[in-house]
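Colleague: Next comes protein.txt, compact mmCIF, C-alpha atoms:
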```txt
# COMPACT_ATOMS: atom_id res chain seq x y z
CA MET A 3 -121.23 42.24 8.14
CA ALA A 4 -119.06 41.47 11.15
CA SER A 5 -115.56 40.20 10.50
CA LEU A 6 -114.67 36.66 11.48
CA PRO A 7 -111.88 35.83 13.94
CA LEU A 8 -109.94 34.22 11.09
CA ASP A 9 -109.86 37.60 9.32
CA ASN A 10 -107.61 38.99 12.06
CA ALA A 11 -104.01 37.98 11.32
CA ASP A 12 -102.98 39.05 14.85
CA LEU A 13 -105.44 36.82 16.70
CA PRO A 14 -103.65 33.99 18.56
CA LEU A 15 -105.56 30.92 17.39
CA PHE A 16 -103.07 28.19 16.57
CA THR A 17 -101.44 25.74 18.99
CA VAL A 18 -97.86 24.49 18.85
CA GLY A 19 -99.07 21.18 17.44
CA GLN A 20 -101.10 22.85 14.71
CA VAL A 21 -98.22 25.13 13.68
CA ALA A 22 -95.74 22.26 13.76
CA GLY A 23 -98.03 20.24 11.51
CA MET A 24 -98.65 23.12 9.10
CA LEU A 25 -94.96 23.96 8.72
CA GLU A 26 -93.63 20.43 9.07
CA VAL A 27 -91.30 21.31 11.94
CA GLN A 28 -90.82 19.76 15.35
CA GLN A 29 -92.75 21.17 18.29
CA ALA A 30 -89.43 21.39 20.14
CA PHE A 31 -88.15 23.73 17.42
CA LEU A 32 -91.09 26.09 18.04
CA ARG A 33 -90.41 25.98 21.78
CA ARG A 34 -86.75 26.84 21.12
CA LEU A 35 -87.82 29.85 19.05
CA ASP A 36 -89.81 31.05 22.05
CA GLU A 37 -86.96 30.35 24.51
CA HIS A 38 -84.49 32.28 22.29
CA GLU A 39 -87.03 35.12 21.94
CA VAL A 40 -87.11 34.74 18.16
CA VAL A 41 -90.88 34.24 17.96
CA ARG A 42 -92.77 34.83 21.21
CA PRO A 43 -96.36 33.62 20.86
CA SER A 44 -98.95 34.62 23.41
CA ARG A 45 -100.22 32.14 25.97
CA SER A 46 -103.71 30.83 26.59
CA ASN A 47 -105.20 30.96 30.08
CA GLY A 48 -103.88 27.44 30.54
CA GLY A 49 -100.34 28.50 29.59
CA GLN A 50 -100.31 26.97 26.09
CA ARG A 51 -98.57 28.84 23.30
CA ARG A 52 -100.96 30.35 20.75
CA TYR A 53 -99.69 31.60 17.40
CA THR A 54 -101.17 34.24 15.14
CA ARG A 55 -101.11 33.99 11.35
CA ASN A 56 -98.47 36.74 11.33
CA GLU A 57 -96.29 34.78 13.76
CA ILE A 58 -96.65 31.68 11.60
CA THR A 59 -95.37 33.71 8.65
CA VAL A 60 -92.36 34.76 10.73
CA VAL A 61 -91.73 31.14 11.74
CA GLN A 62 -91.74 30.18 8.04
CA TYR A 63 -89.11 32.87 7.42
CA VAL A 64 -87.06 31.66 10.39
CA VAL A 65 -87.15 28.10 9.06
CA ARG A 66 -85.69 29.34 5.75
CA LEU A 67 -82.95 31.23 7.59
CA VAL A 68 -82.10 28.18 9.73
CA ASP A 69 -81.96 26.07 6.57
CA GLU A 70 -79.43 28.59 5.22
CA GLY A 71 -77.24 28.00 8.29
CA MET A 72 -78.09 30.96 10.51
CA THR A 73 -78.14 30.57 14.29
CA LEU A 74 -81.16 31.54 16.38
CA PRO A 75 -79.35 34.50 18.02
CA ALA A 76 -78.37 35.75 14.54
CA ILE A 77 -81.94 35.31 13.31
CA ARG A 78 -83.27 37.19 16.32
CA ARG A 79 -80.91 40.06 15.48
CA VAL A 80 -82.01 40.02 11.82
CA LEU A 81 -85.68 40.19 12.87
CA LEU A 82 -84.95 43.09 15.24
CA LEU A 83 -83.05 44.97 12.55
CA GLU A 84 -85.82 44.37 10.01
CA ALA A 85 -88.40 45.66 12.49
CA GLY A 86 -86.23 48.74 13.03
CA ILE A 87 -86.08 49.30 9.28
CA GLU A 88 -89.88 49.11 9.06
CA ASP A 89 -90.16 51.64 11.89
CA LEU A 90 -87.79 53.98 10.06
CA LYS A 91 -89.74 53.59 6.81
CA ALA A 92 -92.94 54.53 8.66
CA LEU A 93 -91.19 57.57 10.14
CA ILE A 94 -89.97 58.60 6.70
CA ARG A 95 -93.52 58.37 5.32
CA GLU A 96 -94.76 60.48 8.23
CA LEU A 97 -92.04 63.09 7.74
CA GLU A 98 -92.67 63.24 3.99
CA ALA A 99 -96.37 63.87 4.66
CA ASP A 100 -95.44 66.63 7.13
CA ARG A 101 -93.08 68.14 4.56
CA ALA A 102 -95.82 68.14 1.92
CA GLN A 103 -98.17 69.94 4.34
CA LEU A 104 -95.46 72.49 5.14
CA ARG A 105 -94.86 73.12 1.45
CA VAL A 106 -98.58 73.79 0.94
CA ALA A 107 -98.60 76.15 3.93
CA LEU A 108 -95.52 77.98 2.64
CA ALA A 109 -97.05 78.34 -0.82
CA GLU A 110 -100.22 79.78 0.74
CA ARG A 111 -98.12 82.17 2.84
CA ASP A 112 -96.09 83.25 -0.19
CA ALA A 113 -99.25 83.87 -2.19
CA LEU A 114 -100.70 85.95 0.64
CA LEU A 115 -97.48 87.97 0.98
CA ALA A 116 -97.37 88.56 -2.76
CA ALA A 117 -100.96 89.77 -2.67
CA LEU A 118 -100.19 92.12 0.21
CA ARG A 119 -97.23 93.59 -1.67
CA GLN A 120 -99.32 94.43 -4.71
CA PRO A 121 -100.13 98.14 -4.96
CA ARG A 122 -103.80 98.81 -4.40
CA PRO A 123 -105.53 101.58 -6.27
CA ASP A 124 -107.40 102.72 -3.14
CA ARG A 125 -104.13 103.13 -1.24
CA PRO A 126 -101.37 105.65 -1.96
CA SER A 127 -97.96 104.12 -2.78
```
Using the file provided, produce a representation of the structure as structure tokens.
Modeller:
Amino acid sequence: MASLPLDNADLPLFTVGQVAGMLEVQQAFLRRLDEHEVVRPSRSNGGQRRYTRNEITVVQYVVRLVDEGMTLPAIRRVLLLEAGIEDLKALIRELEADRAQLRVALAERDALLAALRQPRPDRPS
């Protein structure tokens, strides 16, 4: 069964008006987020902002941070730092997988070396 467009959280489907209504914020606030490069939605062919479900989730988070007194430049920095942390976590997972593969390869090598060191009855010592 083919997936529906709504299944894709990265598909830009929602207009500024729809997002403003869903989150109960002013459309001007959403435009300011774009101007301050906090949340940069894609644009339709006609130039209208289109938000993905993931971007709407970020806007919800931004609203909470603004309510706590953070400025938009500070929020932008927080989002960049959080994205960097996620990148580092992905790198750590990748390196841990590589390390596990190397450990298996070393164990196989050690077993082979141990087998080669064993005296064989058909070979003089």
Colleague: Using all atoms listed in the file, what table do you get, as a tab-separated table, when you list each residue of stretch 58-110 of chain A with an atom no more than 10 Å from stretch 27-32 of chain A, its nearest pair of atoms, and their distance in Å rounded to one decimal, rows by chain then rising number?
Modeller:
```
residue	atom	partner	partner_atom	distance
A:Val61	CA	A:Leu32	CA	8.1
A:Gln62	CA	A:Val27	CA	9.7
A:Val65	CA	A:Val27	CA	8.5
```
Colleague: If I take atom CA of A:Glu37 and atom CA of A:Ala11, how far is one from the other in Å, to one decimal?
Modeller: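 Here the two named atoms are 22.9 Å from each other.
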Colleague: Please measure the separation of atom CA of A:Tyr53 and atom CA of A:Leu15, giving the value in Å to one decimal.
Modeller: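 Between atom CA of A:Tyr53 and atom CA of A:Leu15 the gap is 5.9 Å.
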Colleague: For A:Gln50, which of A:Leu35, A:Ile87, A:Val64, A:Val18 is the closest residue, counting only C-alpha atoms?
Modeller: A:Val18
Colleague: Quick one: distance from atom CA of A:Glu98 to atom CA of A:Leu81 in Å, one decimal?
Modeller: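 Taking atom CA of A:Glu98 and atom CA of A:Leu81, their separation equals 25.7 Å.
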Colleague: Between A:Leu83, A:Leu115, A:Val40, A:Leu93, which is the closest to A:Tyr63 once you count all atoms listed in the file?
Modeller: A:Val40
Colleague: Have a look at A:Val68, A:Gln20, A:Gln103, A:Lys91 and name the one nearest to A:Arg55; count all atoms listed in the file.
Modeller: A:Gln20
Colleague: In terms of the shortest atom-to-atom distance over all atoms listed in the file, which of A:Leu13, A:Ala113, A:Ile77, A:Ile58 is closest to A:Glu26?
Modeller: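 For A:Glu26, the nearest of the given residues is A:Ile58.
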Colleague: Between A:Asp36, A:Asp100, A:Asp89, A:Glu57, which one has atoms that come closest to A:Asp12, using all atoms listed in the file?
Modeller: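 That would be A:Glu57, the residue with the smallest distance to A:Asp12.
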Colleague: For each of A:Leu8, A:Val21, A:Glu96, A:Arg122, take the minimum atom-to-atom distance to A:Arg33, counting all atoms listed in the file, then give the residue where this is smallest.
Modeller: A:Val21
Colleague: Excluding A:Glu39 and its own-chain neighbours fewer than 5 positions away, which residues fall within 10 Å of it when counting all atoms listed in the file? Please give them as a list in words.
Modeller: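 Once the nearby chain positions are removed, what remains is Arg33, Arg34, Leu74, Pro75 and Arg78 of chain A.
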